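Accompanying notes for the structure given below.
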Amino acid sequence: MRIDILCLFPEMFASAFAQSIIKRAKERGLIDIVLHNIRDYTHDKHRTVDEYPYGGGPGMVLKPEPVFEAVEAVEQQLNTSEIPIILLTPQGRLFNQQVARELVLYSHLMLICGHYEGIDERVRRHLATDEISIGDYVLSSGELAAMVIVDAIVRLIPGVLGSATSASSDSHSNGLLEYPQYTRPRVYRGWSVPSVLLSGNHSEIALWRRQQAILRTAKRRPDLIKKVTLSDKEKEWISENLLNRK
């Protein structure tokens with residue numbers, strides 16, 4: 001998979017993409033991340049990428065010309081105009097695990113990192129094919145949002161994680177928050193690991209994990225539990241346990 005990122009501060013990605021899972025995925029040829037500095041597509045000596053907004057108002061607006069030219073240069077280099085072009089903006093659709101699973105199906109993506117007060121509306125209307133937000137808050141620039149999205153996508157690429165089932169058990173992968181995890185020591189400061197996890201009974205462990213995931217989701221994210229398909233037995237169990245824990 002290849003991801004082209006158009007931004008104003010490519011140096012921000014140096015550490016984030018040179019560590020851990022993303023680093024290993026790059027070394028194994030599973031992901032190719034190419035950074036493009038939007039300033040390289042300006043035509044004045046000051047490499048101007050922003051201007052005051054028409055109509056007045058605070059802040060500066062990212063100009064359309066360097067963004068369009070950067071995208072077109074990448075498309076020309078790759079000899080294709082079929083790349084999904086995603087504008088990272090607080091006004092976009094909310095990014096979640098389902099969106100990550102959708103994006104990982106593409107062999108190629110392009111991310112445009114906004115900055116300043118915003119980006120010229122013509123980029124949104126005539127260039128971007130999708131708009132994504134990572135949450136209902138405002139960041140100084142889209143570089144941080146791009147890091148989040150790339151990390152979430154890379155984890156889903158087959159062969160990236162050590163175990164093929166790792167991603168499938170993460171929080172939100174099946175609509176539920178992840179069940180509690182324990183490791184050695186067996187007892188720490190008087191707190192013991194649940195006995196079922198030490199039993200070696202895999203069916204009982206699977207049942208416990210499923211129930212704990214349902215309970216944790218119901219308690220912490222009731223908005224999510226409403227979307228999960230539960231059996232009648234699970235609904236009865238969760239009702240009893242929520243009442244007992246109040």
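Ordered as shown in the structure tokens, chains take letters A, B, and onward, while each chain numbers its residues from 1 and ligands are numbered from 1 in the order shown.
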
Selection: 12 Å around Val67 in chain A, only C-alpha atoms, excl. self and same-chain fewer than 2 positions, as a PyMOL selection string:
chain A and resi 5-8+36-42+48-50+62-65+69-74+85+87+110-115+119-124+126-128

Can you tell me which residues surround Ala218 in chain A at a distance of at most 10 Å, considering only C-alpha atoms, apart from same-chain residues fewer than 3 positions away, and format the answer as a tab-separated table (two decimals) with C-alpha atoms, in the first residue's frame?
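And here is the file that came out, around.tsv:
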```
chain	number	residue	atom	x	y	z
A	176	LEU	CA	-16.97	-3.60	21.60
A	177	LEU	CA	-14.26	-2.22	23.84
A	212	GLN	CA	-16.14	-8.64	30.05
A	213	ALA	CA	-15.98	-6.81	26.72
A	214	ILE	CA	-19.77	-6.47	26.69
A	215	LEU	CA	-19.86	-5.30	30.32
A	221	ARG	CA	-19.78	3.49	26.06
A	222	PRO	CA	-23.53	2.82	26.19
A	223	ASP	CA	-23.79	4.46	22.78
A	224	LEU	CA	-21.72	1.61	21.32
A	225	ILE	CA	-23.46	-1.27	23.07
A	226	LYS	CA	-26.75	-0.26	21.42
A	238	ILE	CA	-25.51	-7.85	31.08
A	239	SER	CA	-28.69	-6.53	32.71
A	242	LEU	CA	-25.05	-3.86	35.48
```

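In this comparison, which uses only C-alpha atoms, the residue of A:Arg24, A:Arg2, A:Lys233, A:His43 approaching Leu105 in chain A most closely is A:Arg2.
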
For CA of Phe68 in chain A and CA of Val34 in chain A, quote the distance in Å rounded to one decimal.
17.0 Å

Residue neighbourhood Val148 in chain A, 12 Å, only C-alpha atoms, exclusion window fewer than 6 positions, as a PyMOL selection string
chain A and resi 13+16-17+22+88+95-97+100+111+132-135+142+154-155

Mind checking which residues fall within 9 Å of Arg209 in chain A, counting only C-alpha atoms, ignoring those fewer than 6 positions away in the same chain, and posting them as a ChimeraX atom specification?
/A:178-180

Using the selection just defined, write its residues with N, CA and C atoms as an mmCIF file, in the first residue's frame.
```cif
data_model
loop_
_atom_site.group_PDB
_atom_site.id
_atom_site.type_symbol
_atom_site.label_atom_id
_atom_site.label_comp_id
_atom_site.auth_asym_id
_atom_site.auth_seq_id
_atom_site.Cartn_x
_atom_site.Cartn_y
_atom_site.Cartn_z
ATOM 1 N N GLU A 178 -12.237 -3.494 24.256
ATOM 2 C CA GLU A 178 -11.483 -4.718 24.515
ATOM 3 C C GLU A 178 -11.667 -5.187 25.959
ATOM 4 N N TYR A 179 -11.633 -6.502 26.135
ATOM 5 C CA TYR A 179 -11.728 -7.104 27.462
ATOM 6 C C TYR A 179 -10.457 -6.800 28.273
ATOM 7 N N PRO A 180 -10.501 -6.940 29.615
ATOM 8 C CA PRO A 180 -9.321 -6.692 30.456
ATOM 9 C C PRO A 180 -8.181 -7.660 30.118
#
```

Would you list, as a ChimeraX atom specification, the residues of range 48-105 of chain A that end up in helix (DSSP H, G or I) under DSSP run on this structure's backbone?
/A:64-78,97-103

Prev. selection, N, CA and C atoms, output as a PDB file, in the first residue's frame:
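What landed in result_25.pdb:
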```
ATOM      1  N   PRO A  64      -5.266  27.640  -2.974  1.00  0.00           N
ATOM      2  CA  PRO A  64      -5.574  26.448  -3.766  1.00  0.00           C
ATOM      3  C   PRO A  64      -4.462  26.020  -4.716  1.00  0.00           C
ATOM      4  N   GLU A  65      -3.726  26.988  -5.306  1.00  0.00           N
ATOM      5  CA  GLU A  65      -2.780  26.639  -6.376  1.00  0.00           C
ATOM      6  C   GLU A  65      -1.743  25.584  -5.982  1.00  0.00           C
ATOM      7  N   PRO A  66      -1.000  25.766  -4.873  1.00  0.00           N
ATOM      8  CA  PRO A  66       0.025  24.759  -4.557  1.00  0.00           C
ATOM      9  C   PRO A  66      -0.563  23.400  -4.216  1.00  0.00           C
ATOM     10  N   VAL A  67      -1.772  23.369  -3.648  1.00  0.00           N
ATOM     11  CA  VAL A  67      -2.399  22.101  -3.303  1.00  0.00           C
ATOM     12  C   VAL A  67      -2.805  21.359  -4.575  1.00  0.00           C
ATOM     13  N   PHE A  68      -3.461  22.040  -5.500  1.00  0.00           N
ATOM     14  CA  PHE A  68      -3.849  21.422  -6.768  1.00  0.00           C
ATOM     15  C   PHE A  68      -2.618  20.924  -7.518  1.00  0.00           C
ATOM     16  N   GLU A  69      -1.582  21.752  -7.568  1.00  0.00           N
ATOM     17  CA  GLU A  69      -0.394  21.376  -8.329  1.00  0.00           C
ATOM     18  C   GLU A  69       0.356  20.215  -7.686  1.00  0.00           C
ATOM     19  N   ALA A  70       0.347  20.156  -6.369  1.00  0.00           N
ATOM     20  CA  ALA A  70       0.994  19.031  -5.685  1.00  0.00           C
ATOM     21  C   ALA A  70       0.268  17.731  -5.999  1.00  0.00           C
ATOM     22  N   VAL A  71      -1.048  17.745  -5.937  1.00  0.00           N
ATOM     23  CA  VAL A  71      -1.836  16.550  -6.245  1.00  0.00           C
ATOM     24  C   VAL A  71      -1.618  16.129  -7.696  1.00  0.00           C
ATOM     25  N   GLU A  72      -1.655  17.082  -8.588  1.00  0.00           N
ATOM     26  CA  GLU A  72      -1.497  16.767 -10.017  1.00  0.00           C
ATOM     27  C   GLU A  72      -0.106  16.232 -10.317  1.00  0.00           C
ATOM     28  N   ALA A  73       0.910  16.730  -9.598  1.00  0.00           N
ATOM     29  CA  ALA A  73       2.269  16.235  -9.806  1.00  0.00           C
ATOM     30  C   ALA A  73       2.384  14.772  -9.380  1.00  0.00           C
ATOM     31  N   VAL A  74       1.758  14.422  -8.269  1.00  0.00           N
ATOM     32  CA  VAL A  74       1.778  13.033  -7.811  1.00  0.00           C
ATOM     33  C   VAL A  74       1.042  12.141  -8.794  1.00  0.00           C
ATOM     34  N   GLU A  75      -0.123  12.594  -9.255  1.00  0.00           N
ATOM     35  CA  GLU A  75      -0.912  11.808 -10.212  1.00  0.00           C
ATOM     36  C   GLU A  75      -0.144  11.604 -11.513  1.00  0.00           C
ATOM     37  N   GLN A  76       0.570  12.644 -11.949  1.00  0.00           N
ATOM     38  CA  GLN A  76       1.353  12.527 -13.180  1.00  0.00           C
ATOM     39  C   GLN A  76       2.517  11.559 -12.987  1.00  0.00           C
ATOM     40  N   GLN A  77       3.154  11.633 -11.839  1.00  0.00           N
ATOM     41  CA  GLN A  77       4.267  10.736 -11.549  1.00  0.00           C
ATOM     42  C   GLN A  77       3.823   9.275 -11.567  1.00  0.00           C
ATOM     43  N   LEU A  78       2.638   9.025 -11.025  1.00  0.00           N
ATOM     44  CA  LEU A  78       2.126   7.658 -10.932  1.00  0.00           C
ATOM     45  C   LEU A  78       1.258   7.277 -12.128  1.00  0.00           C
ATOM     46  N   GLN A  97     -12.962   2.941  13.482  1.00  0.00           N
ATOM     47  CA  GLN A  97     -12.371   1.676  13.033  1.00  0.00           C
ATOM     48  C   GLN A  97     -12.985   1.199  11.727  1.00  0.00           C
ATOM     49  N   GLN A  98     -14.267   1.452  11.540  1.00  0.00           N
ATOM     50  CA  GLN A  98     -14.917   1.055  10.300  1.00  0.00           C
ATOM     51  C   GLN A  98     -14.341   1.811   9.108  1.00  0.00           C
ATOM     52  N   VAL A  99     -14.070   3.088   9.282  1.00  0.00           N
ATOM     53  CA  VAL A  99     -13.465   3.883   8.209  1.00  0.00           C
ATOM     54  C   VAL A  99     -12.051   3.387   7.926  1.00  0.00           C
ATOM     55  N   ALA A 100     -11.310   3.026   8.981  1.00  0.00           N
ATOM     56  CA  ALA A 100      -9.966   2.476   8.786  1.00  0.00           C
ATOM     57  C   ALA A 100     -10.031   1.201   7.951  1.00  0.00           C
ATOM     58  N   ARG A 101     -10.995   0.331   8.251  1.00  0.00           N
ATOM     59  CA  ARG A 101     -11.143  -0.909   7.474  1.00  0.00           C
ATOM     60  C   ARG A 101     -11.524  -0.617   6.030  1.00  0.00           C
ATOM     61  N   GLU A 102     -12.256   0.447   5.823  1.00  0.00           N
ATOM     62  CA  GLU A 102     -12.631   0.855   4.461  1.00  0.00           C
ATOM     63  C   GLU A 102     -11.412   1.348   3.688  1.00  0.00           C
ATOM     64  N   LEU A 103     -10.587   2.166   4.335  1.00  0.00           N
ATOM     65  CA  LEU A 103      -9.447   2.773   3.646  1.00  0.00           C
ATOM     66  C   LEU A 103      -8.337   1.773   3.349  1.00  0.00           C
TER      67      LEU A 103
END
```

Do you have the CA of Asp32 in chain A-CA of Tyr137 in chain A distance handy?
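So the two atoms, CA of Asp32 in chain A and CA of Tyr137 in chain A, lie 29.1 Å apart.
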
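What separates CA of Ile205 in chain A from CA of Gln181 in chain A is a distance of 11.7 Å.
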
For the structure I just gave you, how does DSSP split range 42-108 of chain A - specifically, which residues are strand (DSSP E or B)? Reply as an NGL selection string.
:A and (50-51 or 61-62 or 85-94 or 108)

Test item: residues at most 9 Å from Met1 in chain A, only C-alpha atoms, excluding those fewer than 5 positions along its chain, as a PyMOL selection string:
chain A and resi 29-33+104+106-109+154+157

Which of A:Phe9, A:Val61, A:Gln211, A:Arg220 sits closest to Glu236 in chain A [using only C-alpha atoms]
A:Gln211
